[in-house]
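Everything on this sheet refers to the single structure shown next.
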There are 2 protein chains.
Amino acid sequence: MTLEDLLAVARGDRPADVVLTNVRLVDVFSGEVLPTDLALAGGKVAGFGSGPGRGYEGKETVDLGGRFVAPGLIDAHVHIESSLVRPAEFARAVVPGGVTTVVTDPHEIANVCGLDGMRYMLRDAAGVPLEVFVNASSCVPATDLGTAGAALDAEALATLLDEPRVLGLAEVMNFPGVVHGDPAVLAKLRAFAGRVLDGHAPGLSGKALNAYASSGISSDHEATTVEEAREKLRLGITVLLREATNAHNLRDLLPLVDPWTEPSLCFATDDRVPADLLDEGSIDHMVRVAVAEGIEPMAALRMATLNPARHYRLADRGALVPGRRADLVVFSDLADFRAEEVWVGGVKVAEGGRALFTATPSDASVARDTVDVDPDALDFRIASPETGGGAIRVIGAIPDQLLTEHLTVEPKVEDGLLVADPERDLLEIAVVERHSGSGRTGLGFIRGFGLKHGALAGTFAHDHHNLVVIGADRTSMETAARAVIGAGGGLAVAEGDRVVEVLPLPVAGLMSEEPVEQVRATMDRLLAAARDLGSPLHDPFMAMSFVTLEVIPSLKITDRGLVDVDKFELVPLFA
Amino acid sequence: MTLEDLLAVARGDRPADVVLTNVRLVDVFSGEVLPTDLALAGGKVAGFGSGPGRGYEGKETVDLGGRFVAPGLIDAHVHIESSLVRPAEFARAVVPGGVTTVVTDPHEIANVCGLDGMRYMLRDAAGVPLEVFVNASSCVPATDLGTAGAALDAEALATLLDEPRVLGLAEVMNFPGVVHGDPAVLAKLRAFAGRVLDGHAPGLSGKALNAYASSGISSDHEATTVEEAREKLRLGITVLLREATNAHNLRDLLPLVDPWTEPSLCFATDDRVPADLLDEGSIDHMVRVAVAEGIEPMAALRMATLNPARHYRLADRGALVPGRRADLVVFSDLADFRAEEVWVGGVKVAEGGRALFTATPSDASVARDTVDVDPDALDFRIASPETGGGAIRVIGAIPDQLLTEHLTVEPKVEDGLLVADPERDLLEIAVVERHSGSGRTGLGFIRGFGLKHGALAGTFAHDHHNLVVIGADRTSMETAARAVIGAGGGLAVAEGDRVVEVLPLPVAGLMSEEPVEQVRATMDRLLAAARDLGSPLHDPFMAMSFVTLEVIPSLKITDRGLVDVDKFELVPLFA
């Protein structure tokens with residue numbers, strides 16, 4: 001629709017496509033709820049008003065019977081890959097809850113497939129009524145302390161600048177690189193000068209945080225305490241309150257919300273697994289939690305709509321005002337936000353929690369056959385030094401946190417090899433490079449996964465997405481790893497020689513091509529299998545996928561070995 | 001200073017240029033006042049903090065003794081020409097009060113000198129520590145109902161897009177053109193797509209306002225009531241609260257301010273004369289008034305700093321956080337904002353109300369000799385129809401408003417000519433085209449200026465800036481007009497054959513090249529002379545300059561004659 005046509009509808013000279021009557025409009029600018037009619041045309045809001053001289057005629061009229069209408073929700077930062085389904089299927093999972101725009105960082109697939117992977121994500125989303133924007137993944141690979149399938153320097157990233165759905169630079173996780181002025185990192189910031197630069201600076205404070213902020217990076221979603229978040233906010237950093245599957249920060253951070261800070265706060269899900277998306281929801285879940293915890297509904301809705309639109313300079317959305325997109329949510333209770341209808345671009349696309357659209361797969365050939373590991377060459381043995389090595393470094397997993405502890409533990413030795421000791425919750429962990437066929441394997445031990453028997457394996461392992469295996473014995477580990485290799489990537493549970501369950505993730509070893517409901521069912525069986533083997537974790541696969549992320553403290557592991565994140569260097573197994 | 005250098009200072013590896021110690025920092029993001037030290041480097045904020053491990057070393061240290069430090073103030077919309085001095089002199093007037101950035105619409109000079117005039121304004125400001133941005137003047141000429149010295153279509157305006165200090169499109173005053181989809185107006189909006197489009201829609205409401213908003217125009221500074229402002233704000237229009245010399249809207253609009261609306265509100269001065277700038281101030285005056293009227297100081301300061309920076313996407317200012325400009329104001333009392341020191345780009349540029357810089361004139365040759373009127377051809381006679389014409393239309397000036405009334409009055413006739421009748425406050429008004437030498441003169445009558453004798457004349461007359469003359473008799477009118485022509489443009493008061501006072505404005509007939517204090521003194525004498533002649537108005541020259549503005553209701557006058565603004569057409573003198 002041309003601007004001329006939209007103006008004609010707005011001024012009442014031409015009928016709207018649809019008039020929603022009897023609306024209680026959530027006006028995020030004035031903070032009011034306005035009883036009105038809402039005229040839509042060409043996928044946009046043409047105007048609102050009711051009564052003599054102010055109401056609108058429409059080709060179609062829908063009486064909403066006094067229900068509330070809010071702008072479509074915006075997820076300020078999400079890795080779609082964590083849903084284990086492709087973008088179009090992800091849309092089926094989140095749009096019915098009211099999410100209509102997501103700002104994504106496709107850095108999982110970028111670490112496997114590079115720029116081709118990022119473009120695949122946009123292509124797959126093109127056919128569904130979810131507005132997917134991309135921030136260019138700034139940290140591929142995350143560091144040189146592990147091996148990824150691609151390396152994107154400033155020049156490569158700059159080729160994305162002309163893509164209409166690329167906004168800026170995604171979370172700059174290499175915060176030491178920023179603080180210390182690493183030339184390769186600054187080159188990326190400069191390549192995206194004038195665009196939004198998103199941050200990721202867990203625990204950064206004081207002068208180092210000042211330096212990080214002075215670089216022009218303007219957001220962060222890693223704060224875990226009000227104090228940390230407030231220090232960042234004081235420096236002009238937009239704080240994205242996060243509620244991920246493996247990082248539940250929302251309730252802890254809500255005390256930060258007040259009328260002064262609210263305009264600088266947004267909601268983000270970061271990483272959520274299918275079960276959480278389908279059972280709890282996405283940003284809609286965060287709105288509900290916030291309101292239940294005492295945040296004013298209008299504030300919660302602004303953090304989910306207007307604020308992220310402002311932060312990302314998406315002037316065409318985030319509010320239901322003339323000229324902006326007609327992306328909206330119909331609901332009945334301000335105190336319990338439940339999407340009854342979701343409209344995107346002026347068309348109803350979900351109702352009663354169900355998507356009214358299908359998710360036709362796009363061509364994923366650029367992202368297939370990405371697990372280049374010889375199943376017969378796996379070797380998870382760790383030799384004990386002849387003289388005895390003393391205590392070893394052990395990764396301490398913390399439930400519901402991405403952070404780990406750096407433990408020191410006496411190892412168990414059998415036949416000259418260090419082995420898992422499930423009785424002390426000491427499991428072996430292996431990370432096998434899967435991109436180039438090198439077979440390089442980092443080996444170590446981990447506490448907190450609780451398996452009494454068997455093993456878990458997966459190719460979804462931040463950020464290098466190598467093949468990670470955690471187990472109570474080497475046979476189980478090899479069985480699980482071979483199951484994943486055989487599936488072309490995925491997640492598996494094994495016990496001894498037996499494969500208990502596999503979720504194939506053939507798209508980059510990260511995403512299924514099955515419907516989200518089916519992926520969720522398989523995932524449920526995987527989790528049940530892991531629980532049966534003794535794991536007390538809510539989602540040991542999600543936890544496992546972050547144990548390999550060498551940019552979040554304290555001790556992590558890659559195909560190159562153990563990483564002391566605080567020192568940002570590889571460290572030997574023996575302490 | 002490179003980013004590398006700034007990072008080194010921020011993380012404490014290199015001394016700051018200056019450390020301001022003992023600061024109470026106004027943190028506009030968190031809404032807090034923070035006791036801290038503030039480190040400046042390369043004209044920017046490097047960081048803040050104090051105490052062990054958090055404080056900064058500086059090459060220079062300035063102890064502010066616990067005083068407050070706020071970001072430099074931003075004027076969201078101002079026509080510098082209304083100060084009657086060039087930009088560099090304007091800076092001397094406003095910077096000492098704490099204004100460090102102004103978003104200007106140079107449409108007065110643009111109406112006289114076109115693009116050359118706009119570029120002159122930027123050039124003249126380049127040497128002073130006031131950050132001057134330009135929005136491209138969208139309405140040159142304002143309409144075809146009068147004659148300007150230039151005509152800027154979309155193509156001409158688009159040549160400004162690459163100028164680094166051009167932000168977007170300035171107030172689109174032709175609101176009927178927007179609402180009705182005038183192709184020439186829409187072409188301008190399209191030329192500036194993706195930039196900020198500023199608005200100007202006095203009294204617009206309902207569907208017409210929906211249409212205006214749907215065009216993408218995102219601000220307005222013409223609201224005179226809370227109801228009008230609120231309707232605009234609900235539509236996503238950023239409301240610029242205005243306190244101009246001839247439009248005192250601030251106090252009326254302050255009830256609009258609440259925690260929900262505040263982020264969408266800014267302060268703007270629009271047009272202020274030298275005396276108001278020097279005696280009251282600029283945006284600093286608005287902060288004081290707002291706080292005195294009960295607005296929280298933090299809210300007032302945000303409307304004067306962070307909010308306009310966000311609206312205009314000036315991500316490098318509006319807050320004192322790392323990486324942003326070190327433009328700041330030192331003051332002692334949150335309840336009575338008085339700038340004691342002003343720093344711009346990390347350098348102290350004003351202290352105790354006095355500028356510490358000079359305003360060297362730039363080359364103004366493009367804007368000289370712009371009054372092309374033959375002083376011997378002036379003819380202000382208005383013939384009375386032989387049969388008697390009946391009642392005439394009379395412009396009704398309203399004190400402190402840009403709006404006028406459309407009155408109908410019986411004229412006074414002498415010797416077959418209609419003449420002024422000061423006893424009934426009925427003065428003659430003439431507008432003489434001055435750009436092309438056509439001599440075309442619009443004639444009419446006006447009420448509200450109150451002259452008992454004599455006449456006023458001036459070439460500062462929105463927006464065409466033709467020669468306007470208001471008088472109690474034709475001889476005085478001719479004398480005043482000739483004085484202005486002789487000065488190459490300016491303002492004058494005359495009585496009979498005697499020129500009482502002249503303020504030459506040789507730059508485009510709009511601006512003096514003298515210091516602002518001297519211009520103000522001459523202006524004071526002009527105003528005293530006008531008062532001596534009977535005018536009760538605060539500033540009859542400012543009022544006169546808006547009587548010719550045919551885009552603000554109700555009855556105005558141009559060189560083409562009387563304009564009924566509500567009908568947007570020329571109308572005859574006789575009603």
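Labeling convention for the structure tokens: chains A, B, ... as they appear, residues from 1 per chain, ligands from 1 in order of appearance.
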Practice task
Define the interface residues of chain B facing chain A as those within 7 Å, counting only C-alpha atoms, and report them as a ChimeraX atom specification.
Solution key: /B:3-4,7,10-12,27,29-31,46-47,54,179,181,206-208,210-211,213-216,233-236,259-261,321-323
Practice task
Within 9 Å of Val132 (chain B), counting only C-alpha atoms, which residues show up once you throw out same-chain ones fewer than 6 positions away? Write them as a list in words, please.
Solution key: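 Neighbouring residues, sequence-local ones excluded: Pro87, Thr100, Thr101, Val102, Val103, Thr104, Met121, Leu122, Ala125, Ala126 and Arg165 of chain B.
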Handout entry: Selection: 12 Å around Arg482 (chain A), only C-alpha atoms, excl. self and same-chain fewer than 2 positions, as a PyMOL selection string
Key = chain A and resi 371-379+432+455-459+467-469+475-480+484-494+497-499+502
Problem - Of the listed residues A:Leu38, A:Leu503, A:Ala309, A:Ile398, that which approaches Asn246 (chain A) most closely, counting only C-alpha atoms - result: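 Counting only C-alpha atoms, the residue closest to Asn246 (chain A) is A:Ile398.
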Handout entry: Spatial neighbours of Glu243 (chain A), max dist 9 Å, only C-alpha atoms, sep filter under 5 positions, as an MDAnalysis selection string
Key = chainID A and resid 248:251 267:272 282:283 285:286
Write to file, as a compact mmCIF listing (two decimals), in the first residue's frame, the residues of the selection just made, with all heavy atoms.
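Contents of part-v8.txt, as written:
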# COMPACT_ATOMS: atom_id res chain seq x y z
N HIS A 248 17.76 -18.03 34.63
CA HIS A 248 16.51 -17.43 35.12
C HIS A 248 16.83 -16.16 35.87
O HIS A 248 17.00 -16.17 37.08
CB HIS A 248 15.76 -18.43 36.01
CG HIS A 248 15.36 -19.67 35.28
ND1 HIS A 248 14.24 -19.73 34.49
CD2 HIS A 248 15.94 -20.88 35.20
CE1 HIS A 248 14.14 -20.94 33.96
NE2 HIS A 248 15.16 -21.66 34.37
N ASN A 249 16.91 -15.05 35.16
CA ASN A 249 17.33 -13.80 35.79
C ASN A 249 16.19 -12.83 36.03
O ASN A 249 16.37 -11.82 36.70
CB ASN A 249 18.39 -13.12 34.90
CG ASN A 249 19.54 -14.04 34.57
OD1 ASN A 249 19.80 -14.33 33.41
ND2 ASN A 249 20.22 -14.52 35.60
N LEU A 250 15.02 -13.09 35.47
CA LEU A 250 13.97 -12.07 35.47
C LEU A 250 13.56 -11.66 36.88
O LEU A 250 13.60 -10.48 37.22
CB LEU A 250 12.75 -12.57 34.69
CG LEU A 250 11.57 -11.60 34.65
CD1 LEU A 250 11.97 -10.28 34.02
CD2 LEU A 250 10.39 -12.21 33.92
N ARG A 251 13.17 -12.63 37.70
CA ARG A 251 12.68 -12.27 39.03
C ARG A 251 13.76 -11.54 39.84
O ARG A 251 13.47 -10.60 40.57
CB ARG A 251 12.20 -13.51 39.78
CG ARG A 251 10.87 -14.04 39.27
CD ARG A 251 10.39 -15.24 40.08
NE ARG A 251 9.10 -15.73 39.60
CZ ARG A 251 8.95 -16.57 38.57
NH1 ARG A 251 10.01 -16.96 37.87
NH2 ARG A 251 7.74 -16.96 38.21
N PHE A 267 12.89 -6.94 27.47
CA PHE A 267 12.87 -8.36 27.78
C PHE A 267 13.57 -9.14 26.67
O PHE A 267 13.46 -8.80 25.49
CB PHE A 267 11.43 -8.87 27.88
CG PHE A 267 10.68 -8.41 29.10
CD1 PHE A 267 9.30 -8.18 29.04
CD2 PHE A 267 11.32 -8.22 30.32
CE1 PHE A 267 8.59 -7.77 30.16
CE2 PHE A 267 10.61 -7.80 31.45
CZ PHE A 267 9.24 -7.58 31.37
N ALA A 268 14.26 -10.21 27.08
CA ALA A 268 14.91 -11.09 26.10
C ALA A 268 14.88 -12.51 26.63
O ALA A 268 14.98 -12.74 27.83
CB ALA A 268 16.35 -10.64 25.87
N THR A 269 14.76 -13.46 25.72
CA THR A 269 14.76 -14.87 26.14
C THR A 269 16.10 -15.55 25.94
O THR A 269 16.34 -16.60 26.54
CB THR A 269 13.69 -15.68 25.39
OG1 THR A 269 14.01 -15.67 23.99
CG2 THR A 269 12.30 -15.10 25.60
N ASP A 270 16.91 -15.02 25.05
CA ASP A 270 18.27 -15.54 24.82
C ASP A 270 18.23 -16.97 24.28
O ASP A 270 18.47 -17.18 23.08
CB ASP A 270 19.10 -15.44 26.10
CG ASP A 270 20.59 -15.31 25.82
OD1 ASP A 270 20.98 -15.30 24.64
OD2 ASP A 270 21.38 -15.22 26.78
N ASP A 271 17.97 -17.92 25.15
CA ASP A 271 17.94 -19.33 24.74
C ASP A 271 16.80 -20.03 25.47
O ASP A 271 16.79 -20.06 26.70
CB ASP A 271 19.25 -20.02 25.16
CG ASP A 271 20.49 -19.39 24.53
OD1 ASP A 271 20.75 -19.70 23.37
OD2 ASP A 271 21.15 -18.59 25.22
N ARG A 272 15.86 -20.57 24.73
CA ARG A 272 14.79 -21.34 25.38
C ARG A 272 14.53 -22.62 24.58
O ARG A 272 14.46 -22.59 23.36
CB ARG A 272 13.49 -20.53 25.51
CG ARG A 272 13.54 -19.51 26.66
CD ARG A 272 12.29 -18.66 26.76
NE ARG A 272 11.20 -19.27 27.51
CZ ARG A 272 11.12 -19.32 28.83
NH1 ARG A 272 12.09 -18.86 29.57
NH2 ARG A 272 10.06 -19.86 29.42
N SER A 282 7.22 -17.36 25.75
CA SER A 282 8.45 -16.63 25.41
C SER A 282 8.41 -15.29 26.14
O SER A 282 8.33 -15.26 27.37
CB SER A 282 8.50 -16.50 23.88
OG SER A 282 9.44 -15.55 23.47
N ILE A 283 8.39 -14.20 25.41
CA ILE A 283 8.29 -12.88 26.04
C ILE A 283 6.94 -12.73 26.76
O ILE A 283 6.84 -12.06 27.79
CB ILE A 283 8.46 -11.77 24.97
CG1 ILE A 283 9.86 -11.86 24.33
CG2 ILE A 283 8.24 -10.40 25.57
CD1 ILE A 283 11.01 -11.64 25.28
N HIS A 285 5.52 -14.95 28.49
CA HIS A 285 5.78 -15.51 29.82
C HIS A 285 6.45 -14.47 30.72
O HIS A 285 6.08 -14.31 31.89
CB HIS A 285 6.67 -16.74 29.65
CG HIS A 285 7.23 -17.29 30.92
ND1 HIS A 285 6.44 -17.80 31.94
CD2 HIS A 285 8.52 -17.41 31.37
CE1 HIS A 285 7.21 -18.21 32.93
NE2 HIS A 285 8.47 -17.99 32.61
N MET A 286 7.38 -13.73 30.16
CA MET A 286 8.08 -12.71 30.96
C MET A 286 7.12 -11.61 31.39
O MET A 286 7.20 -11.11 32.51
CB MET A 286 9.26 -12.15 30.17
CG MET A 286 10.30 -13.22 29.82
SD MET A 286 11.81 -12.57 29.06
CE MET A 286 12.55 -11.69 30.45
Practice task
Compare B:Arg393, B:His77, B:Lys452, B:His465 by their minimum atom-to-atom distance to Val563 (chain B), counting only C-alpha atoms, and give me the closest one.
Solution key: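 Looking at the shortest contact to Val563 (chain B), the residue is B:Arg393.
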Problem - Å distance separating CA of Lys188 (chain B) from CA of Leu152 (chain B), one decimal place - result: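 Spanning CA of Lys188 (chain B) to CA of Leu152 (chain B) is a straight-line distance of 9.7 Å.
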Problem - Counting only C-alpha atoms, the option among B:Lys348, B:Ile552, B:Glu227, B:Thr21 closest to His200 (chain B) - result: B:Ile552
Handout entry: In region 286-476 of chain B, DSSP alpha helix (DSSP H) residues written as a list in words
Key =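 Alpha helix (DSSP H) members of region 286-476 of chain B, listed: Met286, Val287, Arg288, Val289, Ala290, Val291, Ala292, Pro297, Met298, Ala299, Ala300, Leu301, Arg302, Met303, Leu306, Asn307, Pro308, Ala309, Arg310, His311, Arg474, Thr475 and Ser476 of chain B.
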Practice task
Name the residues of region 305-545 of chain A that fall into strand (DSSP E or B) according to DSSP on the backbone, using the chain letters and numbers of this document, as a PyMOL selection string.
Solution key: chain A and resi 325+328-331+341-344+347-351+354-355+382-383+392-397+404-409+412-414+417-419+421+426-432+441-447+455-458+467-471+490-495+498-504+507+511-512
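Using only C-alpha atoms, the nearest neighbour of Ala420 (chain B) within the list B:Glu569, B:Asp153, B:Asp252, B:Asp473 is B:Asp473.
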Practice task
Find the residues near Val19 (chain B): any atom within 6 Å, counting only C-alpha atoms, skip ones fewer than 5 places away on the same chain, and give them as a list of chain:residue names.
Solution key: B:Leu38, B:Ala39, B:Gly58, B:Thr61
